[in-house]
$ cat start_16.txt   # compact mmCIF, C-alpha atoms
# COMPACT_ATOMS: atom_id res chain seq x y z
CA MET A 1 0.00 0.00 0.00
CA VAL A 2 1.32 3.46 -0.89
CA ILE A 3 0.22 6.97 -0.01
CA ASP A 4 -1.92 8.34 -2.82
CA HIS A 5 -2.37 11.79 -1.32
CA VAL A 6 -2.61 13.94 1.79
CA GLY A 7 -5.79 16.00 1.99
CA VAL A 8 -5.45 19.53 3.34
CA ALA A 9 -8.56 21.53 4.24
CA VAL A 10 -8.28 25.18 3.20
CA GLU A 11 -10.62 28.15 3.24
CA SER A 12 -9.55 29.02 -0.32
CA ILE A 13 -7.48 27.06 -2.81
CA GLU A 14 -6.37 30.28 -4.50
CA SER A 15 -5.13 31.69 -1.19
CA ALA A 16 -3.28 28.46 -0.33
CA LEU A 17 -1.58 27.93 -3.70
CA PRO A 18 1.14 30.62 -3.42
CA PHE A 19 2.80 28.74 -0.55
CA TYR A 20 2.82 25.41 -2.37
CA ARG A 21 4.06 27.02 -5.59
CA LYS A 22 6.72 29.26 -4.05
CA ALA A 23 8.03 27.21 -1.13
CA LEU A 24 7.62 23.70 -2.55
CA LYS A 25 7.60 24.37 -6.32
CA LEU A 26 4.43 22.28 -6.74
CA ASP A 27 1.92 22.91 -9.50
CA VAL A 28 -1.74 22.01 -9.81
CA VAL A 29 -2.22 18.99 -12.06
CA HIS A 30 -5.97 18.49 -11.60
CA THR A 31 -8.98 20.39 -10.26
CA GLU A 32 -12.64 19.49 -9.97
CA ILE A 33 -15.74 19.92 -7.88
CA VAL A 34 -16.87 16.82 -6.02
CA ALA A 35 -20.52 17.81 -5.66
CA PRO A 36 -21.64 15.00 -3.30
CA GLN A 37 -18.93 16.06 -0.82
CA LYS A 38 -19.60 19.79 -1.36
CA VAL A 39 -15.95 20.46 -2.05
CA LYS A 40 -13.65 21.85 -4.73
CA VAL A 41 -10.31 20.04 -4.95
CA ALA A 42 -6.92 20.81 -6.45
CA PHE A 43 -4.27 18.10 -6.72
CA LEU A 44 -0.60 19.07 -6.67
CA GLN A 45 1.99 16.49 -7.78
CA ALA A 46 4.56 15.73 -5.07
CA GLY A 47 6.73 12.92 -6.41
CA PRO A 48 4.64 9.77 -6.80
CA SER A 49 1.97 11.18 -4.44
CA PHE A 50 -0.22 14.25 -4.32
CA ILE A 51 -1.32 17.04 -2.01
CA GLU A 52 -5.08 17.50 -2.31
CA LEU A 53 -6.29 20.96 -1.34
CA LEU A 54 -9.95 20.81 -0.24
CA GLU A 55 -12.08 23.96 -0.34
CA PRO A 56 -15.74 23.81 0.71
CA THR A 57 -18.21 24.93 -1.96
CA GLY A 58 -20.60 26.26 0.67
CA PRO A 59 -21.23 26.48 4.42
CA GLU A 60 -22.29 22.82 4.73
CA GLY A 61 -20.42 19.57 4.16
CA PRO A 62 -17.60 17.55 5.72
CA VAL A 63 -14.78 19.96 4.87
CA ALA A 64 -16.79 23.03 5.87
CA ASP A 65 -17.54 21.33 9.20
CA PHE A 66 -13.87 20.41 9.63
CA LEU A 67 -12.79 24.02 9.05
CA LYS A 68 -15.38 25.33 11.53
CA LYS A 69 -14.17 22.93 14.24
CA ARG A 70 -10.42 22.77 13.60
CA GLY A 71 -9.44 25.41 11.05
CA PRO A 72 -7.18 24.77 8.06
CA GLY A 73 -4.85 21.79 8.15
CA ILE A 74 -4.40 18.13 7.38
CA HIS A 75 -7.80 16.58 6.81
CA HIS A 76 -6.89 13.03 5.82
CA VAL A 77 -4.25 10.63 4.53
CA ALA A 78 -5.22 8.52 1.52
CA PHE A 79 -3.77 5.15 0.56
CA SER A 80 -4.00 3.58 -2.89
CA VAL A 81 -5.53 0.09 -2.85
CA LYS A 82 -6.70 -2.57 -5.24
CA ASP A 83 -10.05 -4.30 -4.62
CA LEU A 84 -11.61 -1.60 -2.46
CA THR A 85 -14.73 -3.70 -1.89
CA GLY A 86 -12.53 -6.51 -0.57
CA HIS A 87 -10.81 -4.10 1.82
CA ILE A 88 -14.19 -2.85 3.09
CA MET A 89 -15.35 -6.43 3.73
CA ARG A 90 -12.07 -7.41 5.43
CA LEU A 91 -12.00 -4.34 7.67
CA THR A 92 -15.63 -4.86 8.68
CA GLN A 93 -14.93 -8.51 9.56
CA GLU A 94 -11.90 -7.43 11.61
CA GLY A 95 -13.97 -4.98 13.67
CA LEU A 96 -12.73 -1.84 11.90
CA PRO A 97 -15.78 -0.93 9.81
CA PRO A 98 -15.23 1.91 7.34
CA LEU A 99 -17.53 4.92 7.42
CA ASP A 100 -18.72 3.78 3.98
CA ASP A 101 -20.23 0.30 3.63
CA LYS A 102 -19.49 0.33 -0.10
CA PRO A 103 -17.18 2.32 -2.40
CA ARG A 104 -18.38 5.76 -3.37
CA PRO A 105 -17.31 8.10 -6.17
CA GLY A 106 -14.39 10.34 -5.30
CA ALA A 107 -12.16 12.80 -7.12
CA ARG A 108 -10.30 11.90 -10.32
CA GLY A 109 -12.88 9.23 -11.19
CA HIS A 110 -11.68 6.98 -8.36
CA HIS A 111 -13.75 5.04 -5.86
CA VAL A 112 -13.09 5.76 -2.19
CA CYS A 113 -14.06 4.93 1.36
CA PHE A 114 -13.05 6.45 4.67
CA LEU A 115 -11.98 4.84 7.94
CA HIS A 116 -13.03 6.44 11.21
CA PRO A 117 -10.29 8.43 12.96
CA LYS A 118 -10.94 6.53 16.21
CA PHE A 119 -9.23 3.50 14.65
CA ALA A 120 -6.16 5.45 13.49
CA GLN A 121 -5.15 7.55 16.50
CA GLY A 122 -7.27 10.50 15.38
CA VAL A 123 -6.35 10.40 11.67
CA LEU A 124 -9.07 10.19 9.03
CA VAL A 125 -7.87 7.56 6.54
CA GLU A 126 -9.12 7.30 2.99
CA LEU A 127 -8.73 4.24 0.78
CA VAL A 128 -8.59 5.06 -2.94
CA GLU A 129 -9.10 2.66 -5.82
CA ASN A 130 -8.02 3.96 -9.22
CA ASN A 131 -10.71 3.08 -11.73
CA GLY A 132 -8.83 4.48 -14.70
$ encode --input "start_16.txt" --output "structure tokens"
Amino acid sequence: MVIDHVGVAVESIESALPFYRKALKLDVVHTEIVAPQKVKVAFLQAGPSFIELLEPTGPEGPVADFLKKRGPGIHHVAFSVKDLTGHIMRLTQEGLPPLDDKPRPGARGHHVCFLHPKFAQGVLVELVENNG
């Protein structure tokens, strides 16, 4: 398993980008709106992995709630997997049920599911299956 990306909640992608461009020399390689999650995302290539900037598209939604409670910062760590459905079944059987009982559409045309932070020492973990 490898890290696919680190999700960073931001108030504004445009306001956050100057740091990533100037300090880290990272450029945006993909943007989209993930309507079901009420979020706009921008992926920046960082070697074989990505930084995903997450900007809420309105006052409601998981990222908007995160920003209200905690402010900007690391939102989640995502791992690339094969057979996401198999991972969901295995984790459920092992007493670590994901927040999602089946894969759901995520950014970049991938399927995703999230694992509750209580199982990972307070870290929200995302599993990502590339469907491309």
$ residues_around --input "start_16.txt" --residues "Ala42 in chain A" --least-positions-apart "5" --cutoff "9 Å" --atoms "all atoms listed in the file" --output "VMD selection string"
chain A and resid 13 28 to 33 51 to 55
$ closest_residue --input "start_16.txt" --among "A:Gln45, A:Ser80, A:Gln121, A:Gln37" --to "Thr57 in chain A" --atoms "only C-alpha atoms"
A:Gln37
$ residues_around --input "start_16.txt" --residues "range 65-69 of chain A" --least-positions-apart "5" --cutoff "8 Å" --atoms "only C-alpha atoms" --output "compact mmCIF listing (two decimals) with C-alpha atoms, keeping the file's coordinate frame"
# COMPACT_ATOMS: atom_id res chain seq x y z
CA ALA A 9 -8.56 21.53 4.24
CA VAL A 10 -8.28 25.18 3.20
CA GLU A 11 -10.62 28.15 3.24
CA PRO A 59 -21.23 26.48 4.42
CA GLU A 60 -22.29 22.82 4.73
CA HIS A 75 -7.80 16.58 6.81
$ atom_distance --input "start_16.txt" --atom1 "CA of Pro97 in chain A" --atom2 "CA of Met1 in chain A"
18.6 Å
$ closest_residue --input "start_16.txt" --among "A:Pro36, A:Glu129, A:Val81, A:Ala120" --to "Arg108 in chain A" --atoms "all atoms listed in the file"
A:Glu129
$ closest_residue --input "start_16.txt" --among "A:His111, A:Lys118, A:Leu127, A:Arg21" --to "His87 in chain A" --atoms "all atoms listed in the file"
A:Leu127
$ closest_residue --input "start_16.txt" --among "A:Val8, A:Ala23, A:Leu91, A:Val2" --to "His76 in chain A" --atoms "all atoms listed in the file"
A:Val8
$ residues_near_point --input "start_16.txt" --point "(-16.0, 0.3, 6.7)" --cutoff "10 Å" --atoms "all atoms listed in the file" --output "ChimeraX atom specification"
/A:85,87-93,95-103,113-116
$ write_last_selection --input "start_16.txt" --atoms "C-alpha atoms" --output "compact mmCIF listing (two decimals), in the coordinates of the input"
# COMPACT_ATOMS: atom_id res chain seq x y z
CA THR A 85 -14.73 -3.70 -1.89
CA HIS A 87 -10.81 -4.10 1.82
CA ILE A 88 -14.19 -2.85 3.09
CA MET A 89 -15.35 -6.43 3.73
CA ARG A 90 -12.07 -7.41 5.43
CA LEU A 91 -12.00 -4.34 7.67
CA THR A 92 -15.63 -4.86 8.68
CA GLN A 93 -14.93 -8.51 9.56
CA GLY A 95 -13.97 -4.98 13.67
CA LEU A 96 -12.73 -1.84 11.90
CA PRO A 97 -15.78 -0.93 9.81
CA PRO A 98 -15.23 1.91 7.34
CA LEU A 99 -17.53 4.92 7.42
CA ASP A 100 -18.72 3.78 3.98
CA ASP A 101 -20.23 0.30 3.63
CA LYS A 102 -19.49 0.33 -0.10
CA PRO A 103 -17.18 2.32 -2.40
CA CYS A 113 -14.06 4.93 1.36
CA PHE A 114 -13.05 6.45 4.67
CA LEU A 115 -11.98 4.84 7.94
CA HIS A 116 -13.03 6.44 11.21
$ closest_residue --input "start_16.txt" --among "A:Leu84, A:Ala35, A:Ile3, A:Leu44" --to "Ala16 in chain A" --atoms "only C-alpha atoms"
A:Leu44
$ build_atoms --input "start_16.txt" --residues "range 47-70 of chain A" --atoms "N, CA and C atoms" --output "short mmCIF file (atom, residue, chain, number, x, y, z; two decimals), in the coordinates of the input"
data_model
loop_
_atom_site.label_atom_id
_atom_site.label_comp_id
_atom_site.auth_asym_id
_atom_site.auth_seq_id
_atom_site.Cartn_x
_atom_site.Cartn_y
_atom_site.Cartn_z
N GLY A 47 6.12 14.23 -6.15
CA GLY A 47 6.73 12.92 -6.41
C GLY A 47 5.67 11.97 -6.90
N PRO A 48 5.65 10.73 -6.36
CA PRO A 48 4.64 9.77 -6.80
C PRO A 48 3.27 9.99 -6.13
N SER A 49 3.21 10.91 -5.18
CA SER A 49 1.97 11.18 -4.44
C SER A 49 1.48 12.59 -4.75
N PHE A 50 0.39 12.95 -4.09
CA PHE A 50 -0.22 14.25 -4.32
C PHE A 50 -0.56 14.93 -3.00
N ILE A 51 -0.67 16.24 -3.06
CA ILE A 51 -1.32 17.04 -2.01
C ILE A 51 -2.67 17.40 -2.60
N GLU A 52 -3.74 17.14 -1.86
CA GLU A 52 -5.08 17.50 -2.31
C GLU A 52 -5.58 18.65 -1.45
N LEU A 53 -5.72 19.82 -2.05
CA LEU A 53 -6.29 20.96 -1.34
C LEU A 53 -7.81 20.85 -1.45
N LEU A 54 -8.49 20.97 -0.31
CA LEU A 54 -9.95 20.81 -0.24
C LEU A 54 -10.59 22.11 0.21
N GLU A 55 -11.39 22.70 -0.64
CA GLU A 55 -12.08 23.96 -0.34
C GLU A 55 -13.58 23.69 -0.35
N PRO A 56 -14.29 24.03 0.73
CA PRO A 56 -15.74 23.81 0.71
C PRO A 56 -16.41 24.69 -0.35
N THR A 57 -17.47 24.15 -0.96
CA THR A 57 -18.21 24.93 -1.96
C THR A 57 -19.35 25.72 -1.33
N GLY A 58 -19.55 25.55 -0.04
CA GLY A 58 -20.60 26.26 0.67
C GLY A 58 -20.41 26.07 2.16
N PRO A 59 -21.37 26.54 2.96
CA PRO A 59 -21.23 26.48 4.42
C PRO A 59 -21.50 25.10 5.03
N GLU A 60 -21.98 24.16 4.23
CA GLU A 60 -22.29 22.82 4.73
C GLU A 60 -21.36 21.80 4.08
N GLY A 61 -21.23 20.64 4.71
CA GLY A 61 -20.42 19.57 4.16
C GLY A 61 -19.28 19.20 5.08
N PRO A 62 -18.65 18.05 4.83
CA PRO A 62 -17.60 17.55 5.72
C PRO A 62 -16.40 18.49 5.86
N VAL A 63 -15.95 19.08 4.78
CA VAL A 63 -14.78 19.96 4.87
C VAL A 63 -15.16 21.29 5.52
N ALA A 64 -16.33 21.81 5.21
CA ALA A 64 -16.79 23.03 5.87
C ALA A 64 -16.89 22.81 7.38
N ASP A 65 -17.44 21.66 7.77
CA ASP A 65 -17.54 21.33 9.20
C ASP A 65 -16.16 21.21 9.84
N PHE A 66 -15.24 20.56 9.14
CA PHE A 66 -13.87 20.41 9.63
C PHE A 66 -13.24 21.78 9.88
N LEU A 67 -13.38 22.69 8.91
CA LEU A 67 -12.79 24.02 9.05
C LEU A 67 -13.40 24.79 10.21
N LYS A 68 -14.71 24.64 10.41
CA LYS A 68 -15.38 25.33 11.53
C LYS A 68 -14.85 24.83 12.87
N LYS A 69 -14.61 23.53 12.97
CA LYS A 69 -14.17 22.93 14.24
C LYS A 69 -12.67 23.06 14.47
N ARG A 70 -11.87 22.89 13.42
CA ARG A 70 -10.42 22.77 13.60
C ARG A 70 -9.60 23.81 12.86
#
